[in-house]
>>> print(open('model-v9.tsv').read())   # TSV, C-alpha atoms and all ligand atoms
chain	number	residue	atom	x	y	z
A	1	MET	CA	117.89	156.06	-173.89
A	2	PRO	CA	120.60	154.71	-176.18
A	3	LEU	CA	123.39	156.70	-177.83
A	4	THR	CA	122.29	159.05	-180.58
A	5	PRO	CA	123.68	158.69	-184.13
A	6	MET	CA	126.21	161.47	-184.74
A	7	ARG	CA	124.74	162.01	-188.19
A	8	GLN	CA	121.43	163.07	-186.62
A	9	ILE	CA	123.12	165.38	-184.10
A	10	LEU	CA	125.06	167.10	-186.90
A	11	ASP	CA	122.14	167.25	-189.36
A	12	GLU	CA	120.00	168.95	-186.71
A	13	ALA	CA	122.84	171.37	-185.96
A	14	ALA	CA	123.30	172.22	-189.65
A	15	LYS	CA	119.56	172.77	-190.06
A	16	ALA	CA	119.44	175.19	-187.14
A	17	GLY	CA	122.83	176.81	-187.87
A	18	TYR	CA	124.86	175.96	-184.79
A	19	GLY	CA	128.02	173.94	-184.12
A	20	VAL	CA	128.47	170.93	-181.85
A	21	GLY	CA	131.69	170.43	-179.91
A	22	ALA	CA	133.28	166.99	-179.91
A	23	TYR	CA	135.23	166.64	-176.69
A	24	ASN	CA	137.91	164.00	-176.13
A	25	VAL	CA	137.80	161.72	-173.11
A	26	ASN	CA	140.01	159.12	-171.47
A	27	ASN	CA	138.53	158.72	-167.99
A	28	MET	CA	135.46	159.00	-165.80
A	29	GLU	CA	136.02	162.56	-164.61
A	30	GLN	CA	136.19	163.89	-168.17
A	31	ILE	CA	132.95	162.15	-169.12
A	32	GLN	CA	131.23	163.43	-165.98
A	33	ALA	CA	132.45	166.97	-166.67
A	34	ILE	CA	131.17	166.95	-170.24
A	35	MET	CA	127.79	165.56	-169.19
A	36	ALA	CA	127.51	168.13	-166.38
A	37	ALA	CA	128.14	170.90	-168.92
A	38	ALA	CA	125.65	169.40	-171.40
A	39	LYS	CA	123.01	169.15	-168.70
A	40	GLU	CA	123.60	172.66	-167.39
A	41	THR	CA	123.42	174.20	-170.87
A	42	GLN	CA	120.91	171.68	-172.30
A	43	SER	CA	123.19	170.83	-175.21
A	44	PRO	CA	123.42	167.79	-177.46
A	45	VAL	CA	126.99	166.51	-177.27
A	46	ILE	CA	129.62	164.40	-179.01
A	47	ILE	CA	132.00	162.56	-176.73
A	48	GLN	CA	134.99	161.17	-178.55
A	49	ALA	CA	137.78	158.74	-177.78
A	50	SER	CA	141.01	158.34	-179.73
A	51	HIS	CA	142.80	155.07	-180.35
A	52	GLY	CA	145.08	156.07	-177.48
A	53	ALA	CA	142.06	156.64	-175.23
A	54	LEU	CA	140.71	153.18	-176.04
A	55	LYS	CA	144.06	151.68	-175.07
A	56	TYR	CA	144.36	153.79	-171.92
A	57	SER	CA	140.88	152.93	-170.68
A	58	ASN	CA	141.11	149.27	-171.63
A	59	MET	CA	138.01	149.82	-173.80
A	60	VAL	CA	135.48	148.03	-171.64
A	61	TYR	CA	135.72	150.73	-168.95
A	62	LEU	CA	134.95	153.37	-171.53
A	63	LYS	CA	131.99	151.37	-172.79
A	64	HIS	CA	130.38	151.25	-169.35
A	65	LEU	CA	131.24	154.87	-168.56
A	66	MET	CA	129.51	156.06	-171.70
A	67	GLN	CA	126.48	153.91	-170.90
A	68	ALA	CA	126.40	155.54	-167.48
A	69	ALA	CA	126.54	158.99	-169.09
A	70	VAL	CA	123.47	158.20	-171.19
A	71	GLU	CA	121.59	156.51	-168.36
A	72	GLU	CA	122.18	159.49	-166.06
A	73	ASN	CA	121.14	162.06	-168.66
A	74	PRO	CA	118.26	160.62	-170.70
A	75	GLU	CA	117.19	164.03	-171.99
A	76	ILE	CA	120.57	164.79	-173.62
A	77	PRO	CA	121.39	163.46	-177.12
A	78	VAL	CA	124.87	161.92	-176.80
A	79	ALA	CA	126.95	160.49	-179.64
A	80	MET	CA	130.01	158.41	-178.83
A	81	HIS	CA	132.60	158.79	-181.57
A	82	LEU	CA	135.94	157.16	-182.41
A	83	ASP	CA	138.39	159.99	-183.09
A	84	HIS	CA	141.13	159.46	-185.73
A	85	GLY	CA	140.41	155.77	-186.27
A	86	PRO	CA	143.67	154.54	-187.80
A	87	ASP	CA	142.37	151.36	-189.46
A	88	ILE	CA	139.35	149.12	-190.00
A	89	LYS	CA	140.34	146.90	-187.07
A	90	THR	CA	139.99	149.78	-184.57
A	91	VAL	CA	136.76	150.88	-186.24
A	92	LYS	CA	135.30	147.41	-185.76
A	93	GLU	CA	136.39	147.40	-182.10
A	94	ALA	CA	134.70	150.76	-181.47
A	95	ILE	CA	131.49	149.65	-183.17
A	96	ALA	CA	131.50	146.44	-181.12
A	97	LEU	CA	131.75	148.58	-177.98
A	98	GLY	CA	128.59	150.41	-179.05
A	99	PHE	CA	129.98	153.67	-180.47
A	100	SER	CA	127.38	155.47	-182.60
A	101	SER	CA	130.02	157.07	-184.83
A	102	VAL	CA	133.53	156.44	-186.11
A	103	MET	CA	136.20	158.43	-187.88
A	104	ILE	CA	138.48	156.71	-190.32
A	105	ASP	CA	141.47	158.95	-190.79
A	106	GLY	CA	142.52	157.82	-194.26
A	107	SER	CA	144.39	161.07	-194.92
A	108	ILE	CA	147.59	159.67	-193.42
A	109	ASP	CA	149.04	156.17	-193.28
A	110	TYR	CA	149.21	155.11	-189.64
A	111	ALA	CA	151.01	151.89	-190.54
A	112	VAL	CA	154.08	153.81	-191.77
A	113	LYS	CA	156.38	156.21	-189.91
A	114	ASP	CA	159.13	158.36	-191.43
A	115	ALA	CA	162.51	159.12	-189.81
A	116	SER	CA	160.97	161.86	-187.62
A	117	GLY	CA	158.24	159.48	-186.45
A	118	ALA	CA	155.52	161.17	-188.53
A	119	HIS	CA	152.97	159.33	-190.64
A	120	PRO	CA	153.06	160.12	-194.38
A	121	PRO	CA	149.97	161.38	-196.23
A	122	ARG	CA	148.00	158.80	-198.20
A	123	SER	CA	147.05	159.19	-201.84
A	124	PHE	CA	143.49	160.30	-202.64
A	125	GLU	CA	142.69	156.85	-204.08
A	126	ASP	CA	144.03	155.03	-201.06
A	127	ASN	CA	142.16	157.31	-198.69
A	128	ALA	CA	138.91	156.81	-200.64
A	129	ARG	CA	139.41	153.04	-200.66
A	130	VAL	CA	139.90	152.60	-196.88
A	131	THR	CA	137.16	155.10	-196.13
A	132	LYS	CA	134.66	153.28	-198.36
A	133	GLU	CA	135.49	149.99	-196.65
A	134	VAL	CA	134.64	151.59	-193.29
A	135	VAL	CA	131.45	153.21	-194.62
A	136	ASP	CA	130.17	149.85	-195.90
A	137	TYR	CA	130.85	148.19	-192.56
A	138	ALA	CA	129.53	151.03	-190.36
A	139	HIS	CA	126.42	151.99	-192.33
A	140	ALA	CA	125.28	148.35	-192.34
A	141	ARG	CA	125.14	148.80	-188.55
A	142	GLY	CA	123.60	152.29	-188.54
A	143	VAL	CA	126.85	153.91	-187.44
A	144	THR	CA	127.92	157.36	-188.70
A	145	VAL	CA	131.27	157.78	-190.51
A	146	GLU	CA	133.61	160.77	-190.56
A	147	GLY	CA	136.40	160.80	-193.16
A	148	GLU	CA	139.23	163.28	-193.70
A	149	LEU	CA	140.56	164.98	-196.80
A	150	GLY	CA	143.74	167.01	-196.50
A	151	THR	CA	146.01	166.73	-193.48
A	152	LEU	CA	146.44	168.84	-190.41
A	153	GLY	CA	149.73	170.13	-189.14
A	154	GLY	CA	150.13	168.18	-185.92
A	155	ILE	CA	152.55	167.84	-183.12
A	156	GLU	CA	150.86	165.20	-181.07
A	157	ASP	CA	152.26	161.72	-180.93
A	158	ASP	CA	149.94	159.46	-182.87
A	159	THR	CA	148.11	161.98	-184.96
A	160	GLN	CA	150.89	163.89	-186.64
A	161	ALA	CA	151.17	164.35	-190.35
A	162	THR	CA	154.42	165.20	-192.09
A	163	ALA	CA	153.04	168.30	-193.76
A	164	VAL	CA	149.96	170.45	-193.84
A	165	HIS	CA	147.92	169.89	-196.97
A	166	LEU	CA	144.87	172.08	-197.07
A	167	THR	CA	141.77	170.36	-198.42
A	168	ASP	CA	141.31	170.75	-202.16
A	169	PRO	CA	137.63	171.60	-202.79
A	170	ASP	CA	137.90	170.02	-206.23
A	171	GLN	CA	138.42	166.62	-204.62
A	172	CYS	CA	135.53	166.81	-202.14
A	173	GLN	CA	132.63	165.88	-204.41
A	174	GLU	CA	134.45	162.89	-205.83
A	175	PHE	CA	135.53	161.74	-202.36
A	176	VAL	CA	131.98	161.97	-201.03
A	177	GLN	CA	130.53	160.19	-204.06
A	178	LYS	CA	133.13	157.43	-203.87
A	179	THR	CA	132.87	156.85	-200.12
A	180	GLY	CA	129.40	157.92	-198.92
A	181	VAL	CA	130.79	159.54	-195.73
A	182	ASP	CA	128.38	161.43	-193.45
A	183	ALA	CA	130.95	163.91	-192.20
A	184	LEU	CA	134.19	165.24	-193.60
A	185	ALA	CA	137.13	166.64	-191.66
A	186	ILE	CA	138.72	169.40	-193.71
A	187	ALA	CA	142.12	171.01	-193.31
A	188	ILE	CA	141.90	174.82	-193.22
A	189	GLY	CA	145.16	175.58	-191.41
A	190	THR	CA	144.55	174.33	-187.89
A	191	SER	CA	146.73	171.75	-186.16
A	192	HIS	CA	146.50	169.54	-183.09
A	193	GLY	CA	147.98	170.33	-179.72
A	194	ALA	CA	148.86	173.45	-177.73
A	195	TYR	CA	151.42	174.95	-180.12
A	196	LYS	CA	149.37	175.94	-183.13
A	197	PHE	CA	150.30	179.51	-183.94
A	198	LYS	CA	152.72	182.23	-182.85
A	199	GLU	CA	150.28	185.02	-183.62
A	200	GLU	CA	146.61	185.55	-184.53
A	201	PRO	CA	146.00	182.79	-187.12
A	202	LYS	CA	144.82	183.25	-190.67
A	203	LEU	CA	142.61	180.28	-191.39
A	204	ALA	CA	141.42	179.37	-194.87
A	205	MET	CA	137.79	180.36	-194.16
A	206	ASP	CA	136.90	180.66	-197.84
A	207	LEU	CA	137.61	176.94	-198.13
A	208	VAL	CA	134.80	176.21	-195.66
A	209	THR	CA	132.35	178.24	-197.75
A	210	GLU	CA	133.51	176.63	-200.99
A	211	ILE	CA	133.48	173.05	-199.67
A	212	HIS	CA	130.08	173.53	-198.04
A	213	LYS	CA	128.78	174.70	-201.42
A	214	ARG	CA	130.21	171.64	-203.19
A	215	VAL	CA	129.04	169.01	-200.66
A	216	PRO	CA	126.07	170.59	-198.86
A	217	ASN	CA	124.74	167.29	-197.53
A	218	VAL	CA	127.94	166.31	-195.77
A	219	ARG	CA	128.65	167.72	-192.33
A	220	LEU	CA	132.00	169.51	-192.16
A	221	VAL	CA	134.38	168.99	-189.26
A	222	MET	CA	137.09	171.26	-187.91
A	223	HIS	CA	139.88	169.46	-186.03
A	224	GLY	CA	142.51	171.22	-183.94
A	225	SER	CA	139.95	173.70	-182.63
A	226	SER	CA	141.26	174.39	-179.15
A	227	SER	CA	141.57	178.08	-178.40
A	228	VAL	CA	144.52	177.71	-175.98
A	229	PRO	CA	143.45	180.80	-174.01
A	230	GLN	CA	146.32	182.88	-172.65
A	231	GLU	CA	144.77	182.85	-169.14
A	232	LEU	CA	144.86	179.07	-169.13
A	233	VAL	CA	148.48	178.90	-170.26
A	234	ASP	CA	149.33	181.49	-167.58
A	235	GLU	CA	147.43	179.52	-164.94
A	236	VAL	CA	149.34	176.30	-165.75
A	237	ASN	CA	152.65	178.20	-165.61
A	238	LYS	CA	151.70	180.07	-162.41
A	239	TYR	CA	151.56	176.72	-160.63
A	240	GLY	CA	154.87	175.37	-161.89
A	241	GLY	CA	154.13	174.48	-165.53
A	242	LYS	CA	156.55	175.33	-168.29
A	243	LEU	CA	154.36	175.92	-171.31
A	244	GLU	CA	155.80	178.11	-174.04
A	245	LYS	CA	154.16	181.14	-175.59
A	246	THR	CA	151.50	180.04	-178.04
A	247	MET	CA	148.14	180.78	-179.64
A	248	GLY	CA	145.20	178.61	-180.56
A	249	VAL	CA	142.09	179.12	-182.66
A	250	PRO	CA	140.12	182.11	-181.32
A	251	VAL	CA	136.50	181.33	-180.44
A	252	LYS	CA	135.47	184.11	-182.87
A	253	ALA	CA	137.16	182.23	-185.73
A	254	ILE	CA	135.26	179.08	-184.80
A	255	GLN	CA	131.99	181.03	-184.79
A	256	GLU	CA	132.84	182.36	-188.24
A	257	ALA	CA	133.60	178.82	-189.45
A	258	VAL	CA	130.25	177.59	-188.10
A	259	LYS	CA	128.46	180.36	-190.04
A	260	ARG	CA	130.22	179.16	-193.19
A	261	GLY	CA	129.29	175.49	-192.75
A	262	ILE	CA	131.33	173.77	-190.03
A	263	SER	CA	129.09	171.56	-187.85
A	264	LYS	CA	131.51	169.58	-185.66
A	265	ILE	CA	134.27	171.24	-183.65
A	266	ASN	CA	136.98	169.04	-182.14
A	267	VAL	CA	138.37	170.17	-178.79
A	268	ASP	CA	140.86	168.21	-176.71
A	269	THR	CA	143.84	170.42	-175.78
A	270	ASP	CA	141.81	173.10	-173.94
A	271	GLY	CA	140.40	170.36	-171.72
A	272	ARG	CA	143.89	169.03	-171.01
A	273	LEU	CA	145.09	172.52	-170.08
A	274	VAL	CA	142.24	173.29	-167.71
A	275	VAL	CA	142.59	169.93	-165.93
A	276	THR	CA	146.36	170.39	-165.61
A	277	ALA	CA	145.98	173.92	-164.22
A	278	ALA	CA	143.45	172.80	-161.60
A	279	ILE	CA	145.54	169.84	-160.44
A	280	ARG	CA	148.75	171.89	-160.33
A	281	LYS	CA	146.97	174.54	-158.25
A	282	VAL	CA	145.96	172.01	-155.58
A	283	PHE	CA	149.42	170.46	-155.55
A	284	GLN	CA	151.09	173.81	-155.10
A	285	GLU	CA	148.65	175.34	-152.62
A	286	LYS	CA	148.14	172.18	-150.57
A	287	PRO	CA	151.34	170.14	-150.80
A	288	LYS	CA	150.17	167.91	-147.94
A	289	GLU	CA	147.08	166.79	-149.89
A	290	PHE	CA	147.16	163.22	-151.17
A	291	ASP	CA	143.51	162.29	-151.62
A	292	PRO	CA	142.96	162.05	-155.42
A	293	ARG	CA	139.36	163.24	-155.00
A	294	LYS	CA	140.72	166.54	-153.71
A	295	TYR	CA	142.51	167.32	-156.96
A	296	LEU	CA	140.53	165.29	-159.52
A	297	GLY	CA	137.29	166.82	-158.20
A	298	PRO	CA	138.36	170.45	-158.78
A	299	SER	CA	139.79	169.51	-162.18
A	300	ARG	CA	136.44	167.96	-163.12
A	301	ASP	CA	134.61	171.15	-162.05
A	302	ALA	CA	137.03	173.33	-164.02
A	303	LEU	CA	136.57	171.18	-167.14
A	304	ALA	CA	132.77	171.32	-166.83
A	305	LYS	CA	132.94	175.13	-166.64
A	306	LEU	CA	135.16	175.38	-169.72
A	307	ILE	CA	132.96	173.06	-171.77
A	308	ALA	CA	129.78	174.87	-170.75
A	309	GLU	CA	131.41	178.08	-172.05
A	310	ARG	CA	132.24	176.37	-175.36
A	311	MET	CA	128.71	174.97	-175.68
A	312	LYS	CA	127.32	178.48	-175.32
A	313	ALA	CA	129.88	179.97	-177.72
A	314	PHE	CA	129.31	177.32	-180.42
A	315	GLY	CA	125.54	177.86	-180.20
A	316	THR	CA	124.83	174.30	-178.99
A	317	ALA	CA	123.22	175.43	-175.74
A	318	GLY	CA	119.46	175.05	-175.49
A	319	HIS	CA	119.11	172.51	-178.32
A	320	ALA	CA	118.99	169.27	-176.29
A	321	LYS	CA	115.24	168.91	-176.59
A	322	ASP	CA	114.82	169.98	-180.23
A	323	TYR	CA	114.38	166.42	-181.53
A	324	ARG	CA	113.81	162.80	-180.61
A	325	ALA	CA	116.90	160.62	-180.92
A	326	MET	CA	116.90	158.07	-183.72
A	327	SER	CA	118.15	154.56	-183.07
A	328	LEU	CA	120.97	152.82	-184.91
A	329	ASP	CA	118.28	150.59	-186.44
A	330	ASP	CA	116.52	153.68	-187.82
A	331	MET	CA	119.83	154.74	-189.32
A	332	LYS	CA	120.44	151.27	-190.75
A	333	ALA	CA	117.15	151.52	-192.61
A	334	PHE	CA	118.01	155.07	-193.72
A	335	TYR	CA	121.37	153.99	-195.20
A	336	ALA	CA	119.83	150.89	-196.79
A	337	GLY	CA	117.22	153.11	-198.48
A	338	LYS	CA	119.96	155.30	-199.98
A	339	LYS	CA	121.62	152.38	-201.83
A	401	LIG	O1	143.41	164.60	-182.27
A	401	LIG	C1	143.80	163.92	-181.34
A	401	LIG	C2	143.30	164.06	-179.97
A	401	LIG	O2	143.80	165.22	-179.38
A	401	LIG	C3	143.57	162.80	-179.19
A	401	LIG	O3	144.88	162.74	-178.74
A	401	LIG	O4	145.74	160.51	-179.47
A	401	LIG	O5	146.73	161.74	-177.51
A	401	LIG	O6	144.46	160.69	-177.34
A	401	LIG	P1	145.49	161.34	-178.24
A	402	LIG	P1	143.00	170.25	-180.28
A	402	LIG	O1	144.36	169.68	-180.05
A	402	LIG	O2	143.07	171.61	-180.88
A	402	LIG	O3	142.15	170.23	-179.07
A	402	LIG	O4	142.27	169.33	-181.38
A	402	LIG	C1	141.67	168.12	-180.99
A	402	LIG	C2	141.25	167.31	-182.14
A	402	LIG	O5	141.22	167.73	-183.29
A	402	LIG	C3	140.84	165.93	-181.83
A	402	LIG	O6	140.56	165.20	-182.98
A	403	ZN	ZN	141.80	165.65	-184.66
>>> encode(input="model-v9.tsv", output="structure tokens")
Amino acid sequence: MPLTPMRQILDEAAKAGYGVGAYNVNNMEQIQAIMAAAKETQSPVIIQASHGALKYSNMVYLKHLMQAAVEENPEIPVAMHLDHGPDIKTVKEAIALGFSSVMIDGSIDYAVKDASGAHPPRSFEDNARVTKEVVDYAHARGVTVEGELGTLGGIEDDTQATAVHLTDPDQCQEFVQKTGVDALAIAIGTSHGAYKFKEEPKLAMDLVTEIHKRVPNVRLVMHGSSSVPQELVDEVNKYGGKLEKTMGVPVKAIQEAVKRGISKINVDTDGRLVVTAAIRKVFQEKPKEFDPRKYLGPSRDALAKLIAERMKAFGTAGHAKDYRAMSLDDMKAFYAGKK
């Protein structure tokens, strides 16, 4: 069974009223953990790789790992998605690898860095122009496209924006009409990384409702959706970590956002935390251990457990067999028919 178009996975989720997590990967253990969780909970799933992940994995390794994931789990719809594609060149590389979905992050200009190392926001026109170029290229190949309007507050290396600009609902219709994107990442106050908030966050939930009303046929995406659970931060610190006090996006807030129209939920940091905690635990409790399987194995199990919990919380669980996966050729014909 080939990869499933992300558009189909998200359309089915929107129809049935649940959210689908998009989990970031860089290596084999992360992919195995996500697939184990998807199998256990019978969930469709989006596996995503950033530009950094493509570089880290030397691309071709990732390509074969994702093929293995699909081959091993033929009953699970799996989309492979490029996260925060910085430019058309990276988009083309991901599509050549076989990804069934790409994000072009036209909200910030990855080619420019300011004095603090942050990328400046792009103008609406510029964003629409690069996004449309990607849509034309990807849709001709049946590949789904996610764009972004508004920028997230971010503290991670390659994905940081200089300022948070919440998405302006007035711009959404025009952006969608101009570009033809399938999915739209919107900024409602979340940010990437572990240090999101100092206290219980107030997210711009009304924006989700409003934007969903304005562009009902586009699937809305919430980035920066890790919950950064206190127990996980404590666990990392218990075994020698030095994470500072912080708060993420509570699972309840994500559930509320899904009710209001969010379909795709991006989670990376929680996975990083759970893997770090598990590895630190082995290192501290068994300092004589030096077989990587003895610490990567437990970290893989811990990640699978966390993701299974998220799949249940987002409502994805139990939906793996709801539909038959479309092929990229089916999608090509679908996009051609819309022109
Ligand atoms: O939103 C970004 C993801 O957390 C990926 O992070 O660029 O460090 O791979 P990365
Ligand atoms: P977190 O840092 O909250 O996990 O967000 C990840 C993300 O948005 C990836 O695109
Ligand atoms: Zn993101």
>>> residues_near_ligand(input="model-v9.tsv", ligand="ligand LIG 402 (chain A)", cutoff="8 Å", atoms="only C-alpha atoms and all ligand atoms", output="mmCIF file with C-alpha atoms, keeping the file's coordinate frame")
data_model
loop_
_atom_site.group_PDB
_atom_site.id
_atom_site.type_symbol
_atom_site.label_atom_id
_atom_site.label_comp_id
_atom_site.auth_asym_id
_atom_site.auth_seq_id
_atom_site.Cartn_x
_atom_site.Cartn_y
_atom_site.Cartn_z
ATOM 1 C CA ALA A 22 133.280 166.990 -179.910
ATOM 2 C CA TYR A 23 135.230 166.640 -176.690
ATOM 3 C CA ASN A 24 137.910 164.000 -176.130
ATOM 4 C CA SER A 50 141.010 158.340 -179.730
ATOM 5 C CA ASP A 83 138.390 159.990 -183.090
ATOM 6 C CA HIS A 84 141.130 159.460 -185.730
ATOM 7 C CA GLU A 156 150.860 165.200 -181.070
ATOM 8 C CA THR A 190 144.550 174.330 -187.890
ATOM 9 C CA SER A 191 146.730 171.750 -186.160
ATOM 10 C CA HIS A 192 146.500 169.540 -183.090
ATOM 11 C CA GLY A 193 147.980 170.330 -179.720
ATOM 12 C CA ALA A 194 148.860 173.450 -177.730
ATOM 13 C CA LYS A 196 149.370 175.940 -183.130
ATOM 14 C CA MET A 222 137.090 171.260 -187.910
ATOM 15 C CA HIS A 223 139.880 169.460 -186.030
ATOM 16 C CA GLY A 224 142.510 171.220 -183.940
ATOM 17 C CA SER A 225 139.950 173.700 -182.630
ATOM 18 C CA SER A 226 141.260 174.390 -179.150
ATOM 19 C CA SER A 227 141.570 178.080 -178.400
ATOM 20 C CA VAL A 228 144.520 177.710 -175.980
ATOM 21 C CA GLY A 248 145.200 178.610 -180.560
ATOM 22 C CA VAL A 249 142.090 179.120 -182.660
ATOM 23 C CA ILE A 265 134.270 171.240 -183.650
ATOM 24 C CA ASN A 266 136.980 169.040 -182.140
ATOM 25 C CA VAL A 267 138.370 170.170 -178.790
ATOM 26 C CA ASP A 268 140.860 168.210 -176.710
ATOM 27 C CA THR A 269 143.840 170.420 -175.780
ATOM 28 C CA ASP A 270 141.810 173.100 -173.940
ATOM 29 C CA GLY A 271 140.400 170.360 -171.720
#
>>> residues_around(input="model-v9.tsv", residues="Ile9 in chain A", least_positions_apart="5", cutoff="9 Å", atoms="only C-alpha atoms", output="PyMOL selection string")
chain A and resi 4+14+20+44-46+77-79+325
>>> atom_distance(input="model-v9.tsv", atom1="CA of Lys339 in chain A", atom2="CA of Leu184 in chain A")
19.8 Å
>>> atom_distance(input="model-v9.tsv", atom1="CA of Met66 in chain A", atom2="CA of Ala37 in chain A")
15.2 Å
>>> residues_around(input="model-v9.tsv", residues="range 251-260 of chain A", least_positions_apart="4", cutoff="9 Å", atoms="only C-alpha atoms", output="JSON list (two decimals) with C-alpha atoms, keeping the file's coordinate frame")
[["chain", "number", "residue", "atom", "x", "y", "z"],
["A", 14, "ALA", "CA", 123.30, 172.22, -189.65],
["A", 17, "GLY", "CA", 122.83, 176.81, -187.87],
["A", 18, "TYR", "CA", 124.86, 175.96, -184.79],
["A", 19, "GLY", "CA", 128.02, 173.94, -184.12],
["A", 201, "PRO", "CA", 146.00, 182.79, -187.12],
["A", 203, "LEU", "CA", 142.61, 180.28, -191.39],
["A", 205, "MET", "CA", 137.79, 180.36, -194.16],
["A", 206, "ASP", "CA", 136.90, 180.66, -197.84],
["A", 208, "VAL", "CA", 134.80, 176.21, -195.66],
["A", 209, "THR", "CA", 132.35, 178.24, -197.75],
["A", 210, "GLU", "CA", 133.51, 176.63, -200.99],
["A", 212, "HIS", "CA", 130.08, 173.53, -198.04],
["A", 222, "MET", "CA", 137.09, 171.26, -187.91],
["A", 225, "SER", "CA", 139.95, 173.70, -182.63],
["A", 226, "SER", "CA", 141.26, 174.39, -179.15],
["A", 227, "SER", "CA", 141.57, 178.08, -178.40],
["A", 264, "LYS", "CA", 131.51, 169.58, -185.66],
["A", 265, "ILE", "CA", 134.27, 171.24, -183.65],
["A", 310, "ARG", "CA", 132.24, 176.37, -175.36],
["A", 313, "ALA", "CA", 129.88, 179.97, -177.72],
["A", 314, "PHE", "CA", 129.31, 177.32, -180.42],
["A", 315, "GLY", "CA", 125.54, 177.86, -180.20]]
>>> atom_distance(input="model-v9.tsv", atom1="CA of Glu285 in chain A", atom2="CA of Gln30 in chain A")
23.0 Å
>>> decode(input="model-v9.tsv", residues="range 196-209 of chain A", atoms="N, CA, C and O atoms", output="JSON list (two decimals), in the first residue's frame")
[["chain", "number", "residue", "atom", "x", "y", "z"],
["A", 196, "LYS", "N", 7.04, 27.71, 25.76],
["A", 196, "LYS", "CA", 5.95, 28.41, 25.08],
["A", 196, "LYS", "C", 5.32, 29.46, 25.99],
["A", 196, "LYS", "O", 5.16, 30.60, 25.60],
["A", 197, "PHE", "N", 4.96, 29.03, 27.19],
["A", 197, "PHE", "CA", 4.21, 29.92, 28.08],
["A", 197, "PHE", "C", 4.74, 29.79, 29.51],
["A", 197, "PHE", "O", 5.31, 28.77, 29.87],
["A", 198, "LYS", "N", 4.48, 30.85, 30.32],
["A", 198, "LYS", "CA", 4.88, 30.80, 31.72],
["A", 198, "LYS", "C", 3.70, 30.36, 32.58],
["A", 198, "LYS", "O", 3.84, 29.91, 33.70],
["A", 199, "GLU", "N", 2.51, 30.55, 32.06],
["A", 199, "GLU", "CA", 1.30, 30.13, 32.77],
["A", 199, "GLU", "C", 0.29, 29.61, 31.77],
["A", 199, "GLU", "O", 0.54, 29.68, 30.55],
["A", 200, "GLU", "N", -0.85, 29.12, 32.27],
["A", 200, "GLU", "CA", -1.92, 28.60, 31.41],
["A", 200, "GLU", "C", -2.16, 29.55, 30.23],
["A", 200, "GLU", "O", -2.48, 30.72, 30.41],
["A", 201, "PRO", "N", -1.98, 29.08, 28.99],
["A", 201, "PRO", "CA", -2.06, 30.01, 27.85],
["A", 201, "PRO", "C", -3.48, 30.43, 27.48],
["A", 201, "PRO", "O", -4.43, 29.69, 27.71],
["A", 202, "LYS", "N", -3.54, 31.63, 26.92],
["A", 202, "LYS", "CA", -4.83, 32.08, 26.35],
["A", 202, "LYS", "C", -4.63, 32.07, 24.85],
["A", 202, "LYS", "O", -3.95, 32.94, 24.29],
["A", 203, "LEU", "N", -5.18, 31.09, 24.19],
["A", 203, "LEU", "CA", -5.04, 31.02, 22.73],
["A", 203, "LEU", "C", -6.21, 31.73, 22.06],
["A", 203, "LEU", "O", -7.28, 31.86, 22.65],
["A", 204, "ALA", "N", -5.98, 32.18, 20.84],
["A", 204, "ALA", "CA", -7.02, 32.92, 20.11],
["A", 204, "ALA", "C", -7.99, 31.92, 19.45],
["A", 204, "ALA", "O", -8.02, 31.79, 18.22],
["A", 205, "MET", "N", -8.77, 31.24, 20.30],
["A", 205, "MET", "CA", -9.68, 30.19, 19.81],
["A", 205, "MET", "C", -10.73, 30.73, 18.84],
["A", 205, "MET", "O", -11.15, 30.04, 17.92],
["A", 206, "ASP", "N", -11.19, 31.97, 19.10],
["A", 206, "ASP", "CA", -12.23, 32.54, 18.23],
["A", 206, "ASP", "C", -11.74, 32.65, 16.79],
["A", 206, "ASP", "O", -12.52, 32.61, 15.84],
["A", 207, "LEU", "N", -10.41, 32.81, 16.66],
["A", 207, "LEU", "CA", -9.83, 32.89, 15.31],
["A", 207, "LEU", "C", -10.05, 31.59, 14.54],
["A", 207, "LEU", "O", -10.29, 31.60, 13.34],
["A", 208, "VAL", "N", -9.94, 30.47, 15.25],
["A", 208, "VAL", "CA", -10.14, 29.16, 14.60],
["A", 208, "VAL", "C", -11.57, 29.10, 14.04],
["A", 208, "VAL", "O", -11.80, 28.77, 12.88],
["A", 209, "THR", "N", -12.53, 29.46, 14.89],
["A", 209, "THR", "CA", -13.94, 29.43, 14.48],
["A", 209, "THR", "C", -14.16, 30.34, 13.27],
["A", 209, "THR", "O", -14.80, 29.95, 12.28]]
